[in-house]
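Asker: If it helps, the file is called final.txt and holds compact mmCIF, C-alpha atoms:
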```txt
# COMPACT_ATOMS: atom_id res chain seq x y z
CA MET A 124 0.00 0.00 0.00
CA GLU A 125 2.85 2.39 0.85
CA ILE A 126 4.73 2.29 -2.46
CA PRO A 127 2.01 3.73 -4.73
CA VAL A 128 1.46 6.58 -2.21
CA ILE A 129 5.16 7.47 -2.19
CA ARG A 130 5.13 7.44 -5.99
CA ASP A 131 2.12 9.78 -5.98
CA VAL A 132 3.90 12.18 -3.64
CA LEU A 133 7.02 12.22 -5.83
CA GLU A 134 4.99 12.65 -9.02
CA GLU A 135 3.06 15.50 -7.43
CA SER A 136 6.33 17.03 -6.23
CA ASN A 137 7.91 16.80 -9.69
CA ALA A 138 4.84 18.27 -11.36
CA ARG A 139 5.05 21.35 -9.08
CA ALA A 140 8.82 21.56 -9.74
CA GLN A 141 8.20 21.58 -13.52
CA GLU A 142 5.70 24.40 -13.06
CA ASN A 143 8.30 26.32 -11.03
CA ARG A 144 10.83 25.68 -13.80
CA ALA A 145 8.46 27.18 -16.37
CA ILE A 146 8.10 30.29 -14.19
CA PHE A 147 11.89 30.61 -13.85
CA ASP A 148 12.36 30.19 -17.61
CA ARG A 149 9.69 32.78 -18.37
CA HIS A 150 11.53 35.32 -16.19
CA ASN A 151 15.04 34.19 -17.14
CA VAL A 152 15.91 33.60 -13.48
CA PHE A 153 18.87 31.43 -12.50
CA VAL A 154 17.98 29.38 -9.43
CA ILE A 155 20.29 27.83 -6.84
CA ASN A 156 19.05 25.27 -4.30
CA MET A 157 21.50 25.57 -1.37
CA MET A 158 21.68 22.63 1.00
CA SER A 159 23.82 21.55 3.95
CA SER A 160 23.84 20.18 7.48
CA PRO A 161 22.44 22.52 10.13
CA GLY A 162 24.89 25.31 10.88
CA ALA A 163 27.25 24.76 7.94
CA GLY A 164 27.00 28.44 7.03
CA LYS A 165 24.48 28.80 4.20
CA THR A 166 22.99 32.04 5.54
CA THR A 167 26.35 33.57 6.42
CA ILE A 168 27.65 32.79 2.93
CA LEU A 169 24.56 34.50 1.43
CA GLN A 170 25.10 37.51 3.72
CA LYS A 171 28.58 37.93 2.23
CA THR A 172 27.77 36.85 -1.34
CA ILE A 173 24.69 38.93 -2.16
CA PRO A 174 26.19 42.43 -1.61
CA ILE A 175 29.05 41.55 -3.99
CA ILE A 176 26.62 40.27 -6.62
CA LYS A 177 24.48 43.40 -6.18
CA ASP A 178 27.59 45.53 -6.71
CA ARG A 179 28.00 43.79 -10.06
CA GLY A 180 24.51 45.05 -10.99
CA ILE A 181 22.81 41.66 -10.66
CA ASN A 182 19.55 41.52 -8.72
CA CYS A 183 18.96 38.62 -6.32
CA ALA A 184 16.11 37.27 -4.24
CA VAL A 185 16.03 34.60 -1.53
CA ILE A 186 13.50 31.99 -0.45
CA GLU A 187 14.47 31.12 3.12
CA GLY A 188 13.46 27.58 3.99
CA ASP A 189 13.08 26.56 7.61
CA ILE A 190 10.86 24.33 9.69
CA THR A 191 9.97 27.18 11.98
CA SER A 192 11.41 30.60 12.93
CA THR A 193 12.25 33.61 10.77
CA ILE A 194 15.81 33.99 12.10
CA ASP A 195 17.59 33.70 8.75
CA SER A 196 15.21 36.05 6.92
CA TYR A 197 15.88 38.73 9.50
CA LEU A 198 19.64 38.19 9.14
CA LEU A 199 19.31 38.83 5.39
CA LYS A 200 16.78 41.68 5.65
CA PRO A 201 19.46 44.45 5.80
CA LEU A 202 20.57 43.40 2.29
CA GLY A 203 17.47 45.12 0.91
CA ILE A 204 16.50 42.36 -1.50
CA PRO A 205 13.21 40.43 -1.83
CA ILE A 206 13.11 37.66 0.78
CA VAL A 207 10.30 35.20 1.46
CA GLN A 208 10.36 33.03 4.56
CA ALA A 209 9.07 29.58 3.64
CA ASN A 210 8.36 27.54 6.77
CA THR A 211 7.42 23.89 6.45
CA GLU A 212 5.67 23.90 9.81
CA PRO A 213 2.21 24.77 8.49
CA PHE A 214 2.81 21.95 5.96
CA GLY A 215 3.59 19.43 8.70
CA GLY A 216 7.10 20.41 9.76
CA ASP A 217 8.69 18.79 6.71
CA CYS A 218 12.44 18.18 6.83
CA HIS A 219 13.00 19.69 3.38
CA VAL A 220 11.67 22.51 1.21
CA GLY A 221 9.06 21.11 -1.17
CA SER A 222 8.29 22.34 -4.67
CA HIS A 223 4.76 23.35 -3.56
CA LEU A 224 6.32 25.58 -0.89
CA VAL A 225 8.59 27.23 -3.48
CA GLN A 226 5.51 27.77 -5.63
CA ALA A 227 3.66 29.41 -2.74
CA ALA A 228 6.71 31.62 -2.08
CA LEU A 229 6.89 32.70 -5.74
CA ASN A 230 3.51 34.41 -5.31
CA HIS A 231 5.29 36.90 -3.06
CA ILE A 232 8.28 37.76 -5.28
CA ASP A 233 8.24 39.96 -8.37
CA LEU A 234 10.70 38.02 -10.53
CA SER A 235 10.64 40.51 -13.40
CA ASP A 236 14.03 42.09 -12.56
CA ILE A 237 15.57 39.20 -10.60
CA ARG A 238 18.49 37.33 -12.18
CA ILE A 239 19.50 34.95 -9.35
CA LEU A 240 17.11 33.31 -6.89
CA PHE A 241 18.65 31.48 -3.96
CA ILE A 242 16.53 28.84 -2.24
CA GLU A 243 18.09 28.18 1.16
CA ASN A 244 16.90 24.70 2.03
CA ILE A 245 16.41 23.29 5.54
CA GLY A 246 19.61 22.20 7.29
CA ASN A 247 19.60 18.50 6.51
CA LEU A 248 22.10 16.45 4.52
CA VAL A 249 19.62 13.68 3.75
CA CYS A 250 16.07 14.43 2.62
CA PRO A 251 16.44 17.72 0.69
CA ALA A 252 18.67 15.92 -1.85
CA GLU A 253 15.70 13.81 -2.94
CA PHE A 254 13.49 16.65 -4.17
CA TYR A 255 13.79 18.67 -7.38
CA LEU A 256 12.36 22.14 -6.88
CA GLY A 257 12.80 23.45 -10.43
CA GLU A 258 16.29 24.87 -9.75
CA ASP A 259 19.16 25.19 -12.23
CA HIS A 260 21.78 23.89 -9.83
CA LYS A 261 22.02 22.26 -6.44
CA VAL A 262 24.88 23.46 -4.22
CA VAL A 263 25.97 21.70 -1.05
CA VAL A 264 27.83 23.55 1.69
CA LEU A 265 30.06 21.21 3.72
CA SER A 266 31.73 22.83 6.71
CA LEU A 267 35.20 21.63 7.72
CA PRO A 268 34.26 20.77 11.34
CA GLU A 269 31.85 18.11 10.01
CA GLY A 270 34.78 15.90 9.03
CA GLU A 271 36.13 14.13 5.98
CA ASP A 272 33.67 11.23 5.83
CA LYS A 273 30.43 13.09 5.10
CA PRO A 274 30.41 12.53 1.30
CA LEU A 275 30.71 8.77 1.90
CA LYS A 276 27.94 8.75 4.51
CA TYR A 277 25.50 11.04 2.68
CA PRO A 278 26.27 10.09 -0.93
CA LEU A 279 22.96 11.12 -2.52
CA MET A 280 23.52 14.77 -1.57
CA PHE A 281 26.97 14.81 -3.16
CA ARG A 282 25.74 12.88 -6.19
CA GLU A 283 22.90 15.37 -6.83
CA CYS A 284 24.89 18.58 -6.46
CA HIS A 285 26.90 20.51 -9.04
CA LEU A 286 29.07 22.46 -6.62
CA CYS A 287 30.39 21.87 -3.11
CA LEU A 288 31.40 24.89 -1.07
CA LEU A 289 33.84 23.75 1.63
CA SER A 290 32.99 26.30 4.29
CA LYS A 291 34.61 27.59 7.51
CA MET A 292 38.09 27.33 5.98
CA ASP A 293 39.24 29.80 8.66
CA LEU A 294 38.89 26.97 11.22
CA LYS A 295 41.31 24.69 9.36
CA PRO A 296 44.35 25.44 11.57
CA HIS A 297 42.32 24.39 14.63
CA LEU A 298 40.95 21.11 13.24
CA ASP A 299 42.54 17.69 12.70
CA ILE A 300 41.26 17.63 9.17
CA ASP A 301 42.74 16.47 5.89
CA LEU A 302 41.50 18.67 3.05
CA TYR A 303 42.91 16.29 0.47
CA LEU A 304 40.90 13.42 2.00
CA ILE A 305 37.65 15.46 1.93
CA LYS A 306 38.21 16.24 -1.73
CA SER A 307 39.07 12.65 -2.62
CA ASN A 308 35.97 11.39 -0.76
CA ILE A 309 33.84 13.89 -2.71
CA ARG A 310 35.42 12.70 -5.98
CA LYS A 311 34.70 9.07 -5.10
CA ILE A 312 30.98 9.90 -4.98
CA ASN A 313 30.82 12.45 -7.79
CA GLY A 314 33.86 12.98 -9.99
CA GLY A 315 32.24 15.96 -11.72
CA LEU A 316 31.42 18.00 -8.62
CA ASP A 317 33.07 21.42 -8.54
CA ILE A 318 34.71 22.20 -5.19
CA ILE A 319 35.44 25.69 -3.87
CA PRO A 320 36.91 26.19 -0.37
CA VAL A 321 35.43 29.32 1.22
CA SER A 322 35.38 31.29 4.44
CA ALA A 323 32.66 33.85 5.01
CA LYS A 324 34.83 35.18 7.85
CA THR A 325 38.06 35.85 5.91
CA GLY A 326 36.48 36.17 2.45
CA GLU A 327 38.56 33.27 1.09
CA GLY A 328 37.03 31.76 -2.05
CA LEU A 329 34.07 34.15 -2.25
CA SER A 330 35.13 35.70 -5.56
CA GLU A 331 35.66 32.24 -7.06
CA TRP A 332 32.18 31.19 -5.91
CA ILE A 333 30.60 34.38 -7.24
CA ASP A 334 32.37 33.89 -10.60
CA TRP A 335 31.02 30.33 -10.65
CA LEU A 336 27.51 31.76 -10.23
CA VAL A 337 27.76 34.73 -12.56
CA ASN A 338 29.35 32.70 -15.36
CA ARG A 339 26.28 30.49 -15.39
CA ILE A 340 23.69 33.26 -15.83
CA SER A 341 22.36 33.37 -19.36
CA PRO A 342 22.57 36.78 -21.06
CA LEU A 343 19.44 38.97 -20.87
CA MET B 52 -5.49 9.27 1.45
CA GLU B 53 -2.08 10.25 2.83
CA ILE B 54 -3.02 10.89 6.46
CA PRO B 55 -4.24 7.40 7.36
CA VAL B 56 -1.10 5.92 5.76
CA ILE B 57 1.16 8.14 7.88
CA ARG B 58 -0.81 7.13 10.95
CA ASP B 59 -0.31 3.47 10.03
CA VAL B 60 3.44 3.97 9.69
CA LEU B 61 3.68 5.70 13.07
CA GLU B 62 1.51 3.08 14.77
CA GLU B 63 3.63 0.32 13.25
CA SER B 64 6.78 2.17 14.36
CA ASN B 65 5.52 2.57 17.92
CA ALA B 66 4.44 -1.08 18.12
CA ARG B 67 7.99 -2.18 17.19
CA ALA B 68 9.43 0.33 19.70
CA GLN B 69 7.25 -1.13 22.47
CA GLU B 70 8.54 -4.60 21.58
CA ASN B 71 12.11 -3.28 21.77
CA ARG B 72 11.30 -1.74 25.15
CA ALA B 73 10.09 -5.11 26.44
CA ILE B 74 13.38 -6.70 25.30
CA PHE B 75 15.39 -3.95 27.03
CA ASP B 76 13.36 -4.36 30.25
CA ARG B 77 13.78 -8.14 30.20
CA HIS B 78 17.56 -7.73 30.03
CA ASN B 79 17.72 -4.67 32.29
CA VAL B 80 19.51 -2.68 29.58
CA PHE B 81 19.66 1.12 29.71
CA VAL B 82 19.31 2.52 26.20
CA ILE B 83 20.46 5.88 24.85
CA ASN B 84 19.32 7.19 21.46
CA MET B 85 22.09 9.63 20.39
CA MET B 86 21.17 12.18 17.76
CA SER B 87 22.78 15.22 16.14
CA SER B 88 23.56 17.02 12.90
CA PRO B 89 26.06 15.25 10.64
CA GLY B 90 29.58 15.58 12.03
CA ALA B 91 28.67 16.90 15.49
CA GLY B 92 30.86 14.24 17.09
CA LYS B 93 28.61 11.37 18.23
CA THR B 94 31.07 8.65 17.23
CA THR B 95 34.10 10.48 18.63
CA ILE B 96 32.29 10.98 21.94
CA LEU B 97 31.48 7.24 22.05
CA GLN B 98 35.13 6.42 21.25
CA LYS B 99 36.16 8.36 24.36
CA THR B 100 33.20 7.45 26.58
CA ILE B 101 33.02 3.69 26.23
CA PRO B 102 36.55 2.82 27.48
CA ILE B 103 35.91 4.84 30.66
CA ILE B 104 32.57 3.11 31.23
CA LYS B 105 34.22 -0.28 30.60
CA ASP B 106 36.87 0.59 33.21
CA ARG B 107 34.04 1.07 35.69
CA GLY B 108 33.02 -2.56 35.00
CA ILE B 109 29.93 -1.66 32.94
CA ASN B 110 29.43 -3.51 29.66
CA CYS B 111 28.24 -1.54 26.63
CA ALA B 112 27.07 -2.29 23.12
CA VAL B 113 26.41 -0.01 20.14
CA ILE B 114 23.94 -0.03 17.29
CA GLU B 115 25.52 2.18 14.62
CA GLY B 116 22.89 3.82 12.44
CA ASP B 117 23.81 5.10 9.03
CA ILE B 118 22.26 5.37 5.59
CA THR B 119 25.18 3.59 4.02
CA SER B 120 28.84 2.82 4.90
CA THR B 121 30.34 1.07 7.91
CA ILE B 122 32.82 3.85 8.72
CA ASP B 123 31.66 4.47 12.30
CA SER B 124 31.46 0.77 13.20
CA TYR B 125 35.07 0.32 12.16
CA LEU B 126 36.08 3.36 14.23
CA LEU B 127 34.50 1.73 17.29
CA LYS B 128 35.70 -1.81 16.56
CA PRO B 129 38.97 -1.46 18.52
CA LEU B 130 36.88 -0.93 21.69
CA GLY B 131 36.16 -4.68 21.70
CA ILE B 132 32.43 -4.37 22.43
CA PRO B 133 29.43 -5.73 20.51
CA ILE B 134 28.64 -3.43 17.59
CA VAL B 135 25.96 -3.85 14.95
CA GLN B 136 25.94 -1.67 11.86
CA ALA B 137 22.33 -0.77 11.02
CA ASN B 138 22.12 0.75 7.57
CA THR B 139 18.82 2.19 6.38
CA GLU B 140 19.81 1.79 2.74
CA PRO B 141 18.29 -1.68 2.29
CA PHE B 142 15.15 -0.21 3.93
CA GLY B 143 15.00 2.64 1.39
CA GLY B 144 17.78 4.97 2.57
CA ASP B 145 15.69 6.32 5.45
CA CYS B 146 16.88 9.52 7.08
CA HIS B 147 16.48 8.11 10.62
CA VAL B 148 16.94 4.82 12.44
CA GLY B 149 13.57 3.07 12.69
CA SER B 150 12.37 0.82 15.50
CA HIS B 151 12.19 -2.11 13.05
CA LEU B 152 15.88 -1.60 12.26
CA VAL B 153 16.76 -1.60 15.97
CA GLN B 154 14.75 -4.81 16.32
CA ALA B 155 16.67 -6.40 13.44
CA ALA B 156 19.95 -5.29 15.04
CA LEU B 157 18.98 -6.80 18.42
CA ASN B 158 19.01 -10.25 16.80
CA HIS B 159 22.79 -9.84 16.52
CA ILE B 160 23.57 -8.72 20.10
CA ASP B 161 23.62 -10.91 23.20
CA LEU B 162 22.12 -8.47 25.70
CA SER B 163 22.48 -10.80 28.70
CA ASP B 164 25.54 -9.00 30.15
CA ILE B 165 25.03 -5.56 28.55
CA ARG B 166 24.06 -2.67 30.83
CA ILE B 167 24.16 0.28 28.40
CA LEU B 168 23.18 0.16 24.74
CA PHE B 169 23.95 3.21 22.63
CA ILE B 170 21.96 3.69 19.45
CA GLU B 171 23.86 6.16 17.28
CA ASN B 172 21.22 7.62 15.03
CA ILE B 173 21.74 9.04 11.54
CA GLY B 174 23.19 12.56 11.45
CA ASN B 175 20.01 14.61 11.09
CA LEU B 176 18.53 17.19 13.44
CA VAL B 177 15.00 16.81 12.06
CA CYS B 178 13.47 13.40 11.39
CA PRO B 179 15.12 11.16 14.03
CA ALA B 180 13.43 13.24 16.76
CA GLU B 181 10.03 12.01 15.57
CA PHE B 182 10.59 8.31 16.20
CA TYR B 183 10.59 6.45 19.53
CA LEU B 184 12.83 3.40 19.32
CA GLY B 185 12.18 1.99 22.80
CA GLU B 186 15.06 3.92 24.41
CA ASP B 187 15.26 5.22 27.98
CA HIS B 188 16.63 8.60 26.99
CA LYS B 189 17.24 10.68 23.92
CA VAL B 190 20.48 12.66 23.88
CA VAL B 191 21.26 15.40 21.37
CA VAL B 192 24.83 16.41 20.56
CA LEU B 193 25.06 20.03 19.42
CA SER B 194 28.51 21.10 18.25
CA LEU B 195 29.60 24.69 18.88
CA PRO B 196 30.40 25.47 15.21
CA GLU B 197 26.71 24.93 14.36
CA GLY B 198 25.82 28.20 16.08
CA GLU B 199 23.51 29.48 18.78
CA ASP B 200 20.22 29.36 16.86
CA LYS B 201 19.85 25.61 16.32
CA PRO B 202 17.50 24.94 19.27
CA LEU B 203 15.12 27.60 17.92
CA LYS B 204 15.26 26.24 14.37
CA TYR B 205 14.98 22.54 15.23
CA PRO B 206 12.76 22.72 18.32
CA LEU B 207 11.31 19.20 18.21
CA MET B 208 14.77 17.64 18.69
CA PHE B 209 15.46 19.78 21.75
CA ARG B 210 11.95 19.22 23.09
CA GLU B 211 12.26 15.42 22.84
CA CYS B 212 15.71 15.06 24.41
CA HIS B 213 16.70 14.68 28.06
CA LEU B 214 20.32 15.76 27.70
CA CYS B 215 22.21 18.05 25.35
CA LEU B 216 25.95 17.52 25.00
CA LEU B 217 27.52 20.76 23.73
CA SER B 218 30.41 19.28 21.79
CA LYS B 219 33.71 20.58 20.34
CA MET B 220 34.22 22.92 23.29
CA ASP B 221 37.91 22.99 22.34
CA LEU B 222 36.96 25.14 19.33
CA LYS B 223 35.32 27.82 21.46
CA PRO B 224 38.32 30.24 21.41
CA HIS B 225 38.21 30.17 17.60
CA LEU B 226 34.48 30.78 17.15
CA ASP B 227 32.33 33.90 17.48
CA ILE B 228 29.94 32.04 19.72
CA ASP B 229 28.03 32.98 22.84
CA LEU B 230 27.70 29.94 25.13
CA TYR B 231 25.21 31.78 27.32
CA LEU B 232 22.98 32.42 24.28
CA ILE B 233 23.09 28.74 23.22
CA LYS B 234 22.03 27.69 26.70
CA SER B 235 19.28 30.28 26.92
CA ASN B 236 17.96 29.23 23.48
CA ILE B 237 17.91 25.60 24.65
CA ARG B 238 16.05 26.62 27.82
CA LYS B 239 13.47 28.53 25.75
CA ILE B 240 12.57 25.28 23.99
CA ASN B 241 12.96 22.87 26.88
CA GLY B 242 13.54 24.23 30.38
CA GLY B 243 14.20 20.73 31.74
CA LEU B 244 16.96 19.70 29.34
CA ASP B 245 20.26 18.88 31.03
CA ILE B 246 23.25 20.53 29.32
CA ILE B 247 26.84 19.31 29.56
CA PRO B 248 29.60 21.03 27.57
CA VAL B 249 32.14 18.45 26.36
CA SER B 250 35.24 18.08 24.23
CA ALA B 251 36.28 14.64 23.06
CA LYS B 252 39.65 16.21 22.22
CA THR B 253 40.52 17.68 25.61
CA GLY B 254 38.35 15.39 27.74
CA GLU B 255 36.36 18.35 29.12
CA GLY B 256 33.00 17.28 30.52
CA LEU B 257 33.40 13.56 29.81
CA SER B 258 33.32 12.53 33.47
CA GLU B 259 30.19 14.63 34.04
CA TRP B 260 28.49 12.97 31.05
CA ILE B 261 29.55 9.50 32.19
CA ASP B 262 28.22 10.23 35.70
CA TRP B 263 24.95 11.37 34.12
CA LEU B 264 24.74 7.98 32.37
CA VAL B 265 25.90 5.73 35.18
CA ASN B 266 23.63 7.40 37.77
CA ARG B 267 20.66 6.46 35.61
CA ILE B 268 21.38 2.72 35.37
CA SER B 269 19.10 0.71 37.63
CA PRO B 270 20.90 -1.67 40.01
CA LEU B 271 21.28 -5.28 38.85
```
Is it possible to give me this structure as structure tokens?
Answerer:
Amino acid sequence: MEIPVIRDVLEESNARAQENRAIFDRHNVFVINMMSSPGAGKTTILQKTIPIIKDRGINCAVIEGDITSTIDSYLLKPLGIPIVQANTEPFGGDCHVGSHLVQAALNHIDLSDIRILFIENIGNLVCPAEFYLGEDHKVVVLSLPEGEDKPLKYPLMFRECHLCLLSKMDLKPHLDIDLYLIKSNIRKINGGLDIIPVSAKTGEGLSEWIDWLVNRISPL
Amino acid sequence: MEIPVIRDVLEESNARAQENRAIFDRHNVFVINMMSSPGAGKTTILQKTIPIIKDRGINCAVIEGDITSTIDSYLLKPLGIPIVQANTEPFGGDCHVGSHLVQAALNHIDLSDIRILFIENIGNLVCPAEFYLGEDHKVVVLSLPEGEDKPLKYPLMFRECHLCLLSKMDLKPHLDIDLYLIKSNIRKINGGLDIIPVSAKTGEGLSEWIDWLVNRISPL
């Protein structure tokens, strides 16, 4: 009995994602689905990334996924860009942002002059990887304190993503961590995954990450 | 159609958990369900905790939950205690350890001389909190690099647990983190949650955590 229901849910989810995709295409918006463990630094990276992108004359918007709370939206509010808080709690406290929730959020954003839309997913290295939201690219943020073995233990996430930001590089001198081993574990799971080490604190890698983004925007 | 199915799954899950509980009671085993974000340090804490408990003449066993891989089981193997790797992948790559998986694992452990059984759940601050496995206590490990806001953003986990181990205390001098704010955020969600700051690296807090455990074991 369970299997057909799960299939229905996934089909429903993909149908909403395709509708989102059509909306993004119509407005020529490039969409990033950012995922990570809790506390890996997605919001902090956006806080540092968005002002630089704005300075390059590119307009951004953010859909802030969370189970509950509006903490991250308020952190990003001073950036002066369109932000929609998308909480899964009224939808049952889901552990991932669903395509229906993105669709509901899109009703609150005027996409007409937006070039990049960031969807900050819920902090979870498992479930969010399973759901297509209509995005162009999935990006996983892996923070150094999480250790070298995460790609091997959460392979779907690293298989689904196009870029891995290795965050909190500023902590490297204080951790017993082998950067080469992290990278080789990532490559074992997904040989084509781009990897950019970053630190929101020191600014390391931010320009490389922003180039990665901007180079992928289609011309107007 | 979906709601009755979800109810069935939860009822089924709780029925298996009650059966596990009966097995634990019959063998007088004290069971800890350890949960956290990926890479918060559950395995490292067990690596340091179990030898000390063994030295006190208390036998332990571990059920190692993971989606895939046997990395953590092999890390714990040198401890010379019964370990069962419980991967959710053959069960569909679930994002949490289920009570049926614990039951399957129990077939491989002789509980007759075990006093403490640790179930190391999958690294995930969301879904594992929803499922009772038959344990005595739920323990959440929150690592300092994850930031102060996690209790507010993942409230169910902090509501369900009896103890929070604040891990990676050795990193505190290198983080912009307010320990008082973490504690007050935890208290906002669950005023009764015990909090013990620990570092597997320096040994800070380990004896307090082990006392917390040992004081809760019922006499033979």
Asker: Define the interface residues of chain B facing chain A as those within 10 Å, counting all atoms listed in the file, and report them as a ChimeraX atom specification.
Answerer: /B:52-53,56-57,59-60,87-92,117-123,144-147,173-178,193-201,203-207,219,221-222,224-226
Asker: Write the residues of the preceding selection, restricted to C-alpha atoms, as a PDB file, in the frame of the given file.
Answerer:
```
ATOM      1  CA  MET B  52      -5.490   9.270   1.450  1.00  0.00           C
ATOM      2  CA  GLU B  53      -2.080  10.250   2.830  1.00  0.00           C
ATOM      3  CA  VAL B  56      -1.100   5.920   5.760  1.00  0.00           C
ATOM      4  CA  ILE B  57       1.160   8.140   7.880  1.00  0.00           C
ATOM      5  CA  ASP B  59      -0.310   3.470  10.030  1.00  0.00           C
ATOM      6  CA  VAL B  60       3.440   3.970   9.690  1.00  0.00           C
ATOM      7  CA  SER B  87      22.780  15.220  16.140  1.00  0.00           C
ATOM      8  CA  SER B  88      23.560  17.020  12.900  1.00  0.00           C
ATOM      9  CA  PRO B  89      26.060  15.250  10.640  1.00  0.00           C
ATOM     10  CA  GLY B  90      29.580  15.580  12.030  1.00  0.00           C
ATOM     11  CA  ALA B  91      28.670  16.900  15.490  1.00  0.00           C
ATOM     12  CA  GLY B  92      30.860  14.240  17.090  1.00  0.00           C
ATOM     13  CA  ASP B 117      23.810   5.100   9.030  1.00  0.00           C
ATOM     14  CA  ILE B 118      22.260   5.370   5.590  1.00  0.00           C
ATOM     15  CA  THR B 119      25.180   3.590   4.020  1.00  0.00           C
ATOM     16  CA  SER B 120      28.840   2.820   4.900  1.00  0.00           C
ATOM     17  CA  THR B 121      30.340   1.070   7.910  1.00  0.00           C
ATOM     18  CA  ILE B 122      32.820   3.850   8.720  1.00  0.00           C
ATOM     19  CA  ASP B 123      31.660   4.470  12.300  1.00  0.00           C
ATOM     20  CA  GLY B 144      17.780   4.970   2.570  1.00  0.00           C
ATOM     21  CA  ASP B 145      15.690   6.320   5.450  1.00  0.00           C
ATOM     22  CA  CYS B 146      16.880   9.520   7.080  1.00  0.00           C
ATOM     23  CA  HIS B 147      16.480   8.110  10.620  1.00  0.00           C
ATOM     24  CA  ILE B 173      21.740   9.040  11.540  1.00  0.00           C
ATOM     25  CA  GLY B 174      23.190  12.560  11.450  1.00  0.00           C
ATOM     26  CA  ASN B 175      20.010  14.610  11.090  1.00  0.00           C
ATOM     27  CA  LEU B 176      18.530  17.190  13.440  1.00  0.00           C
ATOM     28  CA  VAL B 177      15.000  16.810  12.060  1.00  0.00           C
ATOM     29  CA  CYS B 178      13.470  13.400  11.390  1.00  0.00           C
ATOM     30  CA  LEU B 193      25.060  20.030  19.420  1.00  0.00           C
ATOM     31  CA  SER B 194      28.510  21.100  18.250  1.00  0.00           C
ATOM     32  CA  LEU B 195      29.600  24.690  18.880  1.00  0.00           C
ATOM     33  CA  PRO B 196      30.400  25.470  15.210  1.00  0.00           C
ATOM     34  CA  GLU B 197      26.710  24.930  14.360  1.00  0.00           C
ATOM     35  CA  GLY B 198      25.820  28.200  16.080  1.00  0.00           C
ATOM     36  CA  GLU B 199      23.510  29.480  18.780  1.00  0.00           C
ATOM     37  CA  ASP B 200      20.220  29.360  16.860  1.00  0.00           C
ATOM     38  CA  LYS B 201      19.850  25.610  16.320  1.00  0.00           C
ATOM     39  CA  LEU B 203      15.120  27.600  17.920  1.00  0.00           C
ATOM     40  CA  LYS B 204      15.260  26.240  14.370  1.00  0.00           C
ATOM     41  CA  TYR B 205      14.980  22.540  15.230  1.00  0.00           C
ATOM     42  CA  PRO B 206      12.760  22.720  18.320  1.00  0.00           C
ATOM     43  CA  LEU B 207      11.310  19.200  18.210  1.00  0.00           C
ATOM     44  CA  LYS B 219      33.710  20.580  20.340  1.00  0.00           C
ATOM     45  CA  ASP B 221      37.910  22.990  22.340  1.00  0.00           C
ATOM     46  CA  LEU B 222      36.960  25.140  19.330  1.00  0.00           C
ATOM     47  CA  PRO B 224      38.320  30.240  21.410  1.00  0.00           C
ATOM     48  CA  HIS B 225      38.210  30.170  17.600  1.00  0.00           C
ATOM     49  CA  LEU B 226      34.480  30.780  17.150  1.00  0.00           C
TER      50      LEU B 226
END
```
Asker: So, counting all atoms listed in the file, which residue among B:Ser258, B:Asn266, B:Asn241, B:Ser235 is closest to His213 (chain B)?
Answerer: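 Closest to His213 (chain B), using all atoms listed in the file: B:Asn241.
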Asker: Suppose you want the space between CA of Met157 (chain A) and CA of Tyr197 (chain A); what is it in Å?
Answerer: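 That distance, rounded to one decimal, is 18.0 Å.
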Asker: What is the distance, in Å and to one decimal place, between CA of Ile170 (chain B) and CA of Val82 (chain B)?
Answerer: 7.3 Å
Asker: Check the smallest atom-to-atom distance from each of B:Ile237, B:Ile83, B:Ile104, B:Leu126 to Phe169 (chain B) using all atoms listed in the file, then report the winner.
Answerer: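 Using all atoms listed in the file, the shortest distance to Phe169 (chain B) belongs to B:Ile83.
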Asker: May I have the residues within 12 Å of Val337 (chain A) as a count of residues only, using all atoms listed in the file and disregarding those fewer than 6 positions away in the same chain?
Answerer: 18
Asker: For Leu224 (chain A), please output as a PyMOL selection string all residues within 12 Å (counting only C-alpha atoms; exclusion window: fewer than 4 positions along the same chain).
Answerer: chain A and resi 136+139-140+143+186-190+207-217+219-220+228-231+242+244+254+256-257
Asker: My list of candidates is B:Val192, B:Ile96, B:Val249, B:Ala155. Which is closest to Leu127 (chain B) when distances are computed with all atoms listed in the file?
Answerer: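 For Leu127 (chain B), the nearest of the given residues is B:Ile96.
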Asker: Just the residues within 6 Å of Ala184 (chain A), please, counting all atoms listed in the file, with nothing from its chain fewer than 3 positions along; format it as a PyMOL selection string.
Answerer: chain A and resi 204-206+240
Asker: Generate the output file for the selected residues, C-alpha atoms, as a short mmCIF file (atom, residue, chain, number, x, y, z; two decimals), in the coordinates of the input.
Answerer:
```cif
data_model
loop_
_atom_site.label_atom_id
_atom_site.label_comp_id
_atom_site.auth_asym_id
_atom_site.auth_seq_id
_atom_site.Cartn_x
_atom_site.Cartn_y
_atom_site.Cartn_z
CA ILE A 204 16.50 42.36 -1.50
CA PRO A 205 13.21 40.43 -1.83
CA ILE A 206 13.11 37.66 0.78
CA LEU A 240 17.11 33.31 -6.89
#
```
Asker: Just to confirm, what's the straight-line distance from CA of Met292 (chain A) to CA of Pro248 (chain B) in Å (one decimal)?
Answerer: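 Computing the Euclidean distance for CA of Met292 (chain A) and CA of Pro248 (chain B) yields 24.0 Å.
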Asker: Considering only C-alpha atoms, state which residue in the set B:Pro102, B:Pro202, B:Arg77, B:Ile165 is at the smallest distance from Leu232 (chain B).
Answerer: B:Pro202
Asker: Would you place a box with edges along x, y and z of the file around all atoms of region 224-242 of chain A listed there, add 5 Å to each of its six sides, and report the centre and edge lengths in Å to one decimal, as AutoDock Vina command-line options?
Answerer:
```
--center_x 11.5 --center_y 33.8 --center_z -7.1 --size_x 26.0 --size_y 26.5 --size_z 22.5
```
